[in-house]
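Engineer: Below is the file coords.cif, which contains mmCIF, C-alpha atoms and all ligand atoms.
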```cif
data_data
loop_
_atom_site.label_atom_id
_atom_site.label_comp_id
_atom_site.auth_asym_id
_atom_site.auth_seq_id
_atom_site.Cartn_x
_atom_site.Cartn_y
_atom_site.Cartn_z
CA MET A 326 31.55 -40.48 -65.57
CA LYS A 327 32.95 -40.18 -69.06
CA ARG A 328 30.74 -41.92 -71.62
CA VAL A 329 32.52 -43.39 -74.64
CA ARG A 330 31.54 -42.54 -78.18
CA LEU A 331 30.50 -45.42 -80.38
CA SER A 332 29.80 -45.84 -84.04
CA PHE A 333 26.27 -46.90 -84.78
CA ALA A 334 25.72 -47.51 -88.51
CA ASP A 335 26.84 -44.19 -90.03
CA ILE A 336 26.37 -42.12 -86.89
CA ASN A 337 28.47 -41.41 -83.87
CA ILE A 338 26.56 -41.90 -80.63
CA GLU A 339 27.17 -41.81 -76.93
CA PHE A 340 27.10 -44.88 -74.71
CA VAL A 341 23.79 -44.70 -72.83
CA ASP A 342 22.17 -46.33 -69.85
CA ARG A 343 23.44 -49.62 -68.37
CA GLU A 344 23.85 -47.85 -65.03
CA ILE A 345 23.75 -51.07 -63.02
CA ALA A 346 26.27 -52.76 -65.29
CA LEU A 347 28.65 -49.86 -64.83
CA ARG A 348 28.26 -50.04 -61.09
CA GLN A 349 29.05 -53.76 -61.31
CA ILE A 350 32.24 -52.94 -63.18
CA MET A 351 33.24 -50.54 -60.43
CA GLU A 352 32.67 -53.24 -57.84
CA LEU A 353 34.83 -55.65 -59.81
CA ALA A 354 37.46 -52.95 -60.15
CA GLU A 355 37.55 -52.66 -56.35
CA ARG A 356 38.13 -56.34 -55.71
CA GLY A 357 39.26 -57.99 -58.97
CA THR A 358 37.70 -61.08 -60.55
CA TYR A 359 37.94 -64.65 -59.51
CA PRO A 360 37.54 -66.88 -61.43
CA VAL A 361 37.23 -65.67 -65.05
CA TYR A 362 33.99 -63.75 -65.67
CA ILE A 363 32.12 -64.71 -68.78
CA VAL A 364 29.52 -62.26 -69.98
CA TYR A 365 27.08 -64.12 -72.13
CA GLY A 366 24.27 -62.40 -73.99
CA PRO A 367 22.11 -62.50 -77.11
CA GLU A 368 23.71 -61.45 -80.37
CA GLY A 369 23.85 -57.70 -80.59
CA CYS A 370 22.65 -57.00 -77.05
CA GLY A 371 25.51 -54.57 -76.50
CA LYS A 372 28.44 -56.58 -75.15
CA THR A 373 31.09 -54.83 -77.22
CA ALA A 374 29.73 -51.40 -76.34
CA PHE A 375 29.73 -52.39 -72.68
CA PHE A 376 33.33 -53.66 -72.85
CA LYS A 377 34.43 -50.39 -74.44
CA GLN A 378 32.79 -48.40 -71.68
CA ALA A 379 34.20 -50.77 -69.04
CA LYS A 380 37.69 -50.29 -70.48
CA THR A 381 37.43 -46.53 -69.98
CA ILE A 382 36.16 -46.88 -66.40
CA LEU A 383 38.84 -49.36 -65.40
CA GLU A 384 41.60 -47.33 -66.95
CA GLU A 385 40.59 -43.78 -66.15
CA GLU A 386 38.84 -44.15 -62.82
CA PHE A 387 40.68 -47.09 -61.28
CA GLY A 388 44.15 -46.84 -62.80
CA TYR A 389 44.14 -50.25 -64.45
CA ASN A 390 46.47 -51.18 -67.26
CA ILE A 391 44.30 -52.57 -70.02
CA VAL A 392 44.74 -55.27 -72.60
CA TYR A 393 41.65 -55.48 -74.78
CA VAL A 394 41.03 -57.68 -77.79
CA ASN A 395 38.12 -58.06 -80.14
CA PRO A 396 39.25 -60.45 -82.89
CA LEU A 397 36.06 -59.95 -84.87
CA ALA A 398 36.07 -56.15 -84.79
CA ARG A 399 34.97 -54.50 -87.99
CA ARG A 400 38.01 -52.24 -88.11
CA LEU A 401 41.57 -53.53 -87.74
CA GLU A 402 42.52 -50.77 -85.29
CA GLU A 403 39.82 -52.06 -82.95
CA VAL A 404 41.15 -55.60 -82.84
CA ILE A 405 43.59 -54.82 -80.06
CA GLY A 406 43.67 -51.99 -77.56
CA TYR A 407 45.99 -51.32 -74.63
CA SER A 408 47.07 -48.66 -72.20
CA SER A 409 49.82 -46.43 -73.50
CA SER A 410 52.05 -47.54 -70.61
CA LEU A 411 52.12 -51.04 -72.15
CA LYS A 412 53.16 -49.91 -75.61
CA ASP A 413 56.75 -51.21 -75.49
CA ILE A 414 55.68 -54.64 -74.31
CA VAL A 415 52.91 -54.83 -76.91
CA VAL A 416 55.22 -53.88 -79.77
CA GLU A 417 57.77 -56.43 -78.60
CA ILE A 418 55.25 -59.29 -78.37
CA LEU A 419 53.60 -58.40 -81.68
CA LYS A 420 57.01 -58.91 -83.30
CA VAL A 421 57.30 -62.43 -81.92
CA PHE A 422 54.33 -63.57 -84.01
CA SER A 423 54.64 -63.79 -87.78
CA GLU A 424 50.92 -63.15 -88.31
CA PRO A 425 49.82 -61.53 -85.05
CA TYR A 426 46.32 -60.55 -86.18
CA SER A 427 45.35 -64.10 -86.99
CA LYS A 428 46.45 -65.17 -83.50
CA ILE A 429 45.44 -62.11 -81.60
CA VAL A 430 44.15 -63.98 -78.55
CA ASP A 431 47.51 -65.73 -78.12
CA VAL A 432 49.23 -62.41 -78.66
CA ALA A 433 47.11 -60.85 -75.90
CA ILE A 434 47.84 -63.68 -73.50
CA GLY A 435 51.53 -63.29 -74.30
CA ILE A 436 51.30 -59.57 -73.57
CA VAL A 437 49.54 -60.19 -70.27
CA GLY A 438 52.21 -62.67 -69.18
CA GLU A 439 54.95 -60.19 -69.99
CA VAL A 440 53.16 -57.34 -68.23
CA LEU A 441 52.79 -59.41 -65.08
CA ARG A 442 56.42 -60.43 -65.27
CA ARG A 443 57.76 -56.90 -65.64
CA LEU A 444 55.39 -54.54 -63.86
CA LYS A 445 55.34 -55.15 -60.15
CA ARG A 446 52.09 -54.91 -58.23
CA THR A 447 50.12 -53.60 -61.14
CA ARG A 448 46.39 -53.44 -61.67
CA LEU A 449 45.64 -55.24 -64.87
CA ALA A 450 42.38 -55.70 -66.75
CA ILE A 451 42.10 -58.20 -69.57
CA LEU A 452 39.01 -57.70 -71.70
CA MET A 453 38.44 -60.40 -74.28
CA ASP A 454 35.51 -59.57 -76.49
CA ASP A 455 33.97 -62.46 -78.40
CA ILE A 456 37.13 -64.54 -78.52
CA PHE A 457 35.57 -68.00 -78.64
CA GLN A 458 34.38 -67.63 -82.20
CA ALA A 459 37.91 -66.63 -83.17
CA VAL A 460 39.82 -69.38 -81.37
CA GLY A 461 37.15 -71.97 -82.19
CA LEU A 462 34.46 -73.16 -79.83
CA ASP A 463 36.31 -76.42 -79.33
CA LYS A 464 39.12 -74.42 -77.72
CA ALA A 465 36.92 -72.25 -75.50
CA GLU A 466 37.72 -74.42 -72.50
CA VAL A 467 41.48 -74.37 -73.03
CA TYR A 468 41.54 -70.60 -73.36
CA THR A 469 39.39 -70.07 -70.30
CA LYS A 470 41.76 -72.28 -68.34
CA MET A 471 44.74 -70.31 -69.62
CA LEU A 472 43.12 -67.11 -68.40
CA LEU A 473 42.38 -68.65 -65.02
CA ASN A 474 46.01 -69.73 -64.77
CA LEU A 475 47.07 -66.11 -65.20
CA ILE A 476 44.95 -65.23 -62.16
CA GLU A 477 45.99 -68.21 -60.06
CA TYR A 478 49.61 -68.68 -61.05
CA PRO A 479 50.74 -65.31 -62.41
CA PRO A 480 54.33 -65.03 -63.61
CA GLY A 481 54.72 -62.01 -61.29
CA GLU A 482 52.91 -60.41 -58.40
CA TYR A 483 49.95 -58.17 -59.16
CA GLU A 484 47.82 -55.91 -57.06
CA ARG A 485 44.50 -56.68 -58.71
CA ILE A 486 43.38 -58.39 -61.86
CA VAL A 487 40.12 -58.28 -63.77
CA VAL A 488 39.44 -60.82 -66.50
CA LEU A 489 36.27 -60.45 -68.54
CA VAL A 490 35.36 -62.52 -71.57
CA SER A 491 32.24 -61.96 -73.64
CA SER A 492 30.44 -64.53 -75.70
CA SER A 493 27.30 -64.65 -77.78
CA GLU A 494 27.61 -68.36 -78.40
CA GLY A 495 24.76 -70.19 -76.74
CA ILE A 496 26.77 -73.32 -76.17
CA THR A 497 29.56 -71.56 -74.28
CA ARG A 498 27.85 -72.37 -71.05
CA GLU A 499 27.49 -76.03 -71.92
CA ARG A 500 31.21 -76.15 -72.67
CA ILE A 501 32.64 -74.08 -69.85
CA GLY A 502 29.93 -74.06 -67.24
CA ARG A 503 30.82 -77.47 -65.89
CA HIS A 504 34.28 -76.32 -64.84
CA ARG A 505 35.23 -74.12 -61.92
CA TRP A 506 37.26 -71.96 -64.31
CA ALA A 507 34.64 -69.37 -64.98
CA THR A 508 31.56 -67.77 -63.59
CA PHE A 509 28.73 -66.73 -65.88
CA ARG A 510 26.78 -63.52 -66.01
CA ILE A 511 24.08 -62.90 -68.56
CA MET A 512 23.56 -59.57 -70.18
CA TRP A 513 20.14 -59.03 -71.72
CA ASN A 514 18.94 -56.60 -74.36
CA MET A 515 18.45 -53.04 -73.15
CA SER A 516 15.74 -51.97 -70.79
CA ARG A 517 12.92 -49.98 -72.27
CA GLU A 518 14.15 -46.66 -70.87
CA GLY A 519 17.74 -47.24 -71.94
CA PHE A 520 16.67 -48.33 -75.39
CA LYS A 521 14.56 -45.21 -75.72
CA GLN A 522 17.64 -43.06 -75.06
CA LEU A 523 19.44 -44.90 -77.84
CA TYR A 524 16.45 -44.57 -80.18
CA GLU A 525 16.35 -40.85 -79.55
CA GLN A 526 19.93 -40.42 -80.71
CA ILE A 527 18.96 -41.61 -84.19
CA PRO A 528 18.28 -38.71 -86.53
CA GLY A 529 15.64 -38.43 -89.23
CA GLU A 530 12.20 -39.84 -89.58
CA LYS A 531 11.65 -43.15 -87.84
CA PRO A 532 8.79 -45.40 -86.78
CA GLN A 533 7.18 -44.83 -83.38
CA PHE A 534 9.24 -46.04 -80.45
CA GLU A 535 6.53 -48.50 -79.38
CA GLU A 536 6.67 -50.29 -82.69
CA ILE A 537 10.47 -50.53 -82.65
CA TRP A 538 10.42 -51.81 -79.08
CA ARG A 539 7.91 -54.53 -79.91
CA ILE A 540 9.88 -55.82 -82.85
CA THR A 541 13.43 -55.56 -81.45
CA GLY A 542 12.79 -56.22 -77.76
CA GLY A 543 15.46 -53.63 -76.97
CA ASN A 544 18.28 -55.22 -78.96
CA PRO A 545 20.58 -52.40 -80.08
CA ALA A 546 22.09 -54.27 -83.04
CA ALA A 547 18.58 -54.92 -84.36
CA LEU A 548 17.88 -51.21 -84.07
CA GLU A 549 21.12 -50.43 -85.90
CA GLN A 550 20.22 -52.79 -88.71
CA LEU A 551 16.68 -51.49 -89.04
CA TYR A 552 18.09 -48.00 -89.35
CA ARG A 553 20.56 -49.23 -92.00
CA TYR A 554 17.73 -50.88 -93.91
CA SER A 555 15.63 -47.70 -93.74
CA TRP A 556 13.27 -49.32 -91.23
CA ARG A 557 12.28 -52.20 -93.50
CA PHE A 558 11.43 -54.92 -91.02
CA ASP A 559 11.17 -57.63 -93.67
CA ARG A 560 14.77 -57.23 -94.73
CA THR A 561 16.01 -57.50 -91.17
CA ILE A 562 14.00 -60.67 -90.68
CA ASP A 563 15.18 -62.16 -93.98
CA ASP A 564 18.70 -61.37 -92.95
CA ILE A 565 18.39 -63.47 -89.80
CA ALA A 566 16.79 -66.31 -91.76
CA MET A 567 19.61 -66.29 -94.26
CA ARG A 568 22.46 -66.00 -91.76
CA LYS A 569 21.13 -68.94 -89.79
CA ASN A 570 20.05 -70.91 -92.80
CA LEU A 571 16.62 -71.42 -91.31
CA ARG A 572 15.19 -73.12 -94.36
CA ILE A 573 17.62 -76.00 -93.95
CA PHE A 574 17.09 -76.03 -90.20
CA ILE A 575 13.31 -76.34 -90.58
CA SER A 576 13.64 -78.99 -93.30
CA SER A 577 15.81 -81.08 -91.00
CA LEU A 578 13.17 -81.32 -88.25
CA SER A 579 10.92 -84.32 -87.70
CA SER A 580 7.16 -83.84 -87.61
CA THR A 581 7.17 -84.03 -83.81
CA GLU A 582 9.96 -81.44 -83.61
CA LEU A 583 8.00 -79.17 -85.94
CA GLU A 584 4.99 -79.47 -83.72
CA ILE A 585 7.04 -78.64 -80.62
CA LEU A 586 8.68 -75.71 -82.40
CA LYS A 587 5.25 -74.25 -83.17
CA ASP A 588 4.44 -74.41 -79.47
CA ILE A 589 7.76 -72.76 -78.59
CA LEU A 590 6.87 -69.90 -80.93
CA ARG A 591 3.81 -69.26 -78.81
CA GLU A 592 5.53 -69.86 -75.48
CA PRO A 593 9.26 -70.57 -75.04
CA ASP A 594 8.76 -72.25 -71.65
CA VAL A 595 7.17 -75.16 -73.51
CA ILE A 596 10.78 -76.36 -73.70
CA ILE A 597 10.91 -76.97 -69.98
CA GLU A 598 7.40 -78.40 -69.85
CA ARG A 599 8.18 -80.99 -72.53
CA LEU A 600 11.84 -81.60 -71.70
CA ARG A 601 11.22 -85.25 -70.92
CA GLU A 602 10.65 -85.88 -74.60
CA SER A 603 13.88 -86.56 -76.46
CA GLU A 604 12.70 -84.44 -79.41
CA THR A 605 12.42 -81.43 -77.11
CA GLN A 606 15.92 -82.05 -75.79
CA LYS A 607 17.31 -82.12 -79.30
CA LEU A 608 15.36 -79.06 -80.33
CA ARG A 609 16.52 -77.14 -77.29
CA MET A 610 20.15 -77.78 -78.18
CA LYS A 611 19.61 -76.78 -81.80
CA LEU A 612 17.84 -73.55 -80.89
CA ILE A 613 20.59 -72.63 -78.44
CA GLU A 614 23.35 -73.54 -80.88
CA LEU A 615 21.76 -71.42 -83.59
CA ASN A 616 21.56 -68.52 -81.12
CA LEU A 617 17.81 -68.26 -81.47
CA ILE A 618 16.81 -68.79 -77.86
CA VAL A 619 18.52 -68.24 -74.52
CA GLU A 620 18.18 -70.15 -71.31
CA LEU A 621 17.60 -67.70 -68.48
CA TRP A 622 17.92 -69.53 -65.14
CA ASP A 623 16.37 -67.21 -62.61
CA ARG A 624 16.22 -63.46 -62.24
CA ASP A 625 18.48 -63.21 -59.23
CA PRO A 626 20.32 -59.92 -59.97
CA TRP A 627 23.74 -61.31 -59.12
CA LEU A 628 23.55 -63.64 -62.13
CA TRP A 629 23.03 -60.72 -64.44
CA ILE A 630 25.01 -57.88 -65.87
CA ASP A 631 22.72 -54.88 -65.73
CA VAL A 632 19.03 -55.64 -65.36
CA PRO A 633 17.46 -59.02 -66.09
CA PRO A 634 14.56 -59.25 -68.54
CA PRO A 635 11.06 -59.17 -67.10
CA GLU A 636 9.81 -62.34 -65.43
CA LYS A 637 7.53 -62.88 -68.38
CA ASP A 638 6.65 -60.96 -71.53
CA SER A 639 4.76 -63.01 -74.08
CA GLU A 640 4.78 -60.24 -76.62
CA LEU A 641 8.59 -60.17 -76.66
CA GLY A 642 8.87 -63.97 -76.44
CA ILE A 643 10.29 -63.99 -72.91
CA GLY A 644 9.36 -66.83 -70.59
CA LYS A 645 10.48 -67.61 -67.08
CA HIS A 646 13.10 -70.15 -68.18
CA PHE A 647 13.63 -69.54 -71.90
CA ALA A 648 13.40 -66.56 -74.20
CA TRP A 649 13.71 -65.81 -77.88
CA GLN A 650 16.80 -63.65 -78.37
CA THR A 651 14.59 -60.99 -79.91
CA PRO A 652 11.07 -60.92 -81.41
CA LEU A 653 12.81 -60.65 -84.80
CA HIS A 654 14.45 -64.04 -84.26
CA ARG A 655 11.07 -65.52 -83.39
CA GLU A 656 9.48 -63.95 -86.44
CA ALA A 657 12.22 -65.29 -88.70
CA VAL A 658 11.53 -68.82 -87.46
CA ARG A 659 7.78 -68.33 -87.78
CA ARG A 660 8.15 -67.25 -91.40
CA ALA A 661 10.53 -70.08 -92.22
CA LEU A 662 7.95 -72.51 -90.85
CA GLU A 663 5.22 -71.06 -93.03
CA ARG A 664 7.21 -71.21 -96.23
N1 LIG B 1 24.58 -48.85 -74.13
C1 LIG B 1 24.72 -48.48 -75.41
N2 LIG B 1 24.72 -47.18 -75.75
C2 LIG B 1 24.87 -46.80 -77.03
N3 LIG B 1 25.00 -47.64 -78.06
C3 LIG B 1 25.01 -48.95 -77.80
C4 LIG B 1 24.86 -49.45 -76.47
N4 LIG B 1 24.90 -50.78 -76.51
C5 LIG B 1 25.06 -51.11 -77.80
N5 LIG B 1 25.13 -50.02 -78.59
C6 LIG B 1 25.31 -50.00 -80.06
O1 LIG B 1 24.47 -51.01 -80.60
C7 LIG B 1 25.14 -51.76 -81.61
C8 LIG B 1 25.21 -53.23 -81.19
O2 LIG B 1 25.94 -53.34 -79.98
P1 LIG B 1 27.25 -54.26 -79.79
O3 LIG B 1 28.02 -54.36 -81.06
O4 LIG B 1 27.95 -53.76 -78.59
O5 LIG B 1 26.55 -55.66 -79.48
P2 LIG B 1 27.26 -57.07 -79.21
O6 LIG B 1 26.49 -57.71 -78.14
O7 LIG B 1 28.70 -56.87 -79.02
O8 LIG B 1 26.98 -57.78 -80.60
P3 LIG B 1 27.66 -59.18 -81.12
O9 LIG B 1 26.92 -60.26 -80.43
O10 LIG B 1 27.38 -59.13 -82.59
O11 LIG B 1 29.10 -59.11 -80.79
C9 LIG B 1 26.49 -51.11 -81.78
O12 LIG B 1 26.40 -50.16 -82.84
C10 LIG B 1 26.72 -50.40 -80.48
O13 LIG B 1 27.55 -49.28 -80.66
MG MG B 2 30.33 -57.73 -80.01
#
```
Please lay out the structure from this file as structure tokens.
Ligand SMILES: Nc1ncnc2c1ncn2[C@@H]1O[C@H](COP(=O)(O)OP(=O)(O)OP(=O)(O)O)[C@@H](O)[C@H]1O
Ligand SMILES: [Mg+2]

Structural biologist:
Amino acid sequence: MKRVRLSFADINIEFVDREIALRQIMELAERGTYPVYIVYGPEGCGKTAFFKQAKTILEEEFGYNIVYVNPLARRLEEVIGYSSSLKDIVVEILKVFSEPYSKIVDVAIGIVGEVLRRLKRTRLAILMDDIFQAVGLDKAEVYTKMLLNLIEYPPGEYERIVVLVSSSEGITRERIGRHRWATFRIMWNMSREGFKQLYEQIPGEKPQFEEIWRITGGNPAALEQLYRYSWRFDRTIDDIAMRKNLRIFISSLSSTELEILKDILREPDVIIERLRESETQKLRMKLIELNLIVELWDRDPWLWIDVPPPEKDSELGIGKHFAWQTPLHREAVRRALER
């Protein structure tokens, strides 16, 4: 299988590992998706990389026409991607919008509608990477419903359709999960072996793999940032604290919430043990909203894209029901508490 090339800080690397996830994509390619599939995962766990690899598989191995958007892409040319066969339709629809890049999700939905109208019995894959932040979380439901409508009431007949949406927003599930419009799959950070392959592609002197594993928990974006910061852990931790404004978050907590938070630092499953207390309920929501912890349900493989995290790993902050997104996130909170 062709592996895509990706940019990782200032280097060009090859997509590695995720064998099970790729097999899952092939299965979806064989039967299509129903309803919309939402791939939820910690920040930087590798969703965009996975979507890029999925795009290649669907297009080159299964003959799908692709419409791909990533409104938050770093480079403008990565905001929208499509199969060359769709070029005329894309150009036409782009012209309809006065500022297409600011409404790229609507543009993509417009393109999909037109493709279904004009191409008979096509295979179409719609890959929407991290769109909820762009359209606004309050509209996540509406957009998911629009995508479901394209599957259920297409403007023209199709052979097969695949609709994948990624999200790193913890509250996506709270918003969308209660509807029948979407089904959720969680993607975790990389497995130890996969992460090692990524680590080995990084040139130059670097800390021992063990140390990097312990501090990142296999999160590829954390690895990328550590490499950018010349392996200075403190800077990466400060960066999380600043982005999430942890000082203000900590200052806003009551003394009971602070006490519970200290327990969660030791053991994330404290959340479920103390969930009867209203302070724990509030804290749970805040930690999910800030994308610091993730709720894991169970480890049944069908709920997961690729492999689930281990049943428990206290060193990495992974419990049975809840986990810190990465040990770096946990450390950032710990330090903010101590300040
Ligand atoms: N399987 C992989 N093989 C090689 N590189 C990877 C892999 N997964 C992720 N990466 C690299 O790790 C970095 C972070 O991954 P990526 O941007 O895909 O994460 P993400 O989950 O989309 O992050 P965000 O939540 O910020 O959108 C990127 O540089 C990406 O190219
Ligand atoms: Mg991404």

Engineer: Could I get the residue neighbourhood of ligand MG 2 (chain B) at 10 Å, counting only C-alpha atoms and all ligand atoms, as a ChimeraX atom specification?

Structural biologist: /A:366-376,395-399,454-456,491-493,546

Engineer: Just the selected residues (C-alpha atoms), exported as a JSON list (two decimals), in the coordinates of the input, please.

Structural biologist:
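File produced: out-v1.json:
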```
[["chain", "number", "residue", "atom", "x", "y", "z"],
["A", 366, "GLY", "CA", 24.27, -62.40, -73.99],
["A", 367, "PRO", "CA", 22.11, -62.50, -77.11],
["A", 368, "GLU", "CA", 23.71, -61.45, -80.37],
["A", 369, "GLY", "CA", 23.85, -57.70, -80.59],
["A", 370, "CYS", "CA", 22.65, -57.00, -77.05],
["A", 371, "GLY", "CA", 25.51, -54.57, -76.50],
["A", 372, "LYS", "CA", 28.44, -56.58, -75.15],
["A", 373, "THR", "CA", 31.09, -54.83, -77.22],
["A", 374, "ALA", "CA", 29.73, -51.40, -76.34],
["A", 375, "PHE", "CA", 29.73, -52.39, -72.68],
["A", 376, "PHE", "CA", 33.33, -53.66, -72.85],
["A", 395, "ASN", "CA", 38.12, -58.06, -80.14],
["A", 396, "PRO", "CA", 39.25, -60.45, -82.89],
["A", 397, "LEU", "CA", 36.06, -59.95, -84.87],
["A", 398, "ALA", "CA", 36.07, -56.15, -84.79],
["A", 399, "ARG", "CA", 34.97, -54.50, -87.99],
["A", 454, "ASP", "CA", 35.51, -59.57, -76.49],
["A", 455, "ASP", "CA", 33.97, -62.46, -78.40],
["A", 456, "ILE", "CA", 37.13, -64.54, -78.52],
["A", 491, "SER", "CA", 32.24, -61.96, -73.64],
["A", 492, "SER", "CA", 30.44, -64.53, -75.70],
["A", 493, "SER", "CA", 27.30, -64.65, -77.78],
["A", 546, "ALA", "CA", 22.09, -54.27, -83.04]]
```

Engineer: Skipping near chain neighbours, those fewer than 4 positions away, what residues fall within 9 Å of range 432-448 of chain A using all atoms listed in the file, listed as a ChimeraX atom specification?

Structural biologist: /A:357,387-394,405,411,414-415,417-419,421-422,425-426,428,453,471-472,475,479-487

Engineer: Return the single residue from A:Arg343, A:Lys531, A:Lys611, A:Lys569 that is closest to ligand LIG 1 (chain B), with distances computed using all atoms listed in the file.

Structural biologist: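 The closest residue to ligand LIG 1 (chain B) is A:Arg343.
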
Engineer: Of the residues A:Gln458, A:Ser639, A:Thr358, A:Thr381, which is the one nearest to ligand LIG 1 (chain B), using only C-alpha atoms and all ligand atoms?

Structural biologist: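 The answer is A:Gln458, which sits nearest to ligand LIG 1 (chain B).
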
Engineer: Which residue is closest to ligand LIG 1 (chain B)? Choose from A:Val329, A:Leu353, A:Leu653, A:Met610 and count all atoms listed in the file.

Structural biologist: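 Among the listed residues, A:Val329 lies closest to ligand LIG 1 (chain B).
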
Engineer: Given the choices A:Arg557, A:Arg330, A:Lys464, A:Lys412, which gets closest to ligand LIG 1 (chain B) if the distance is worked out from only C-alpha atoms and all ligand atoms?

Structural biologist: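 Smallest distance to ligand LIG 1 (chain B) is found for A:Arg330.
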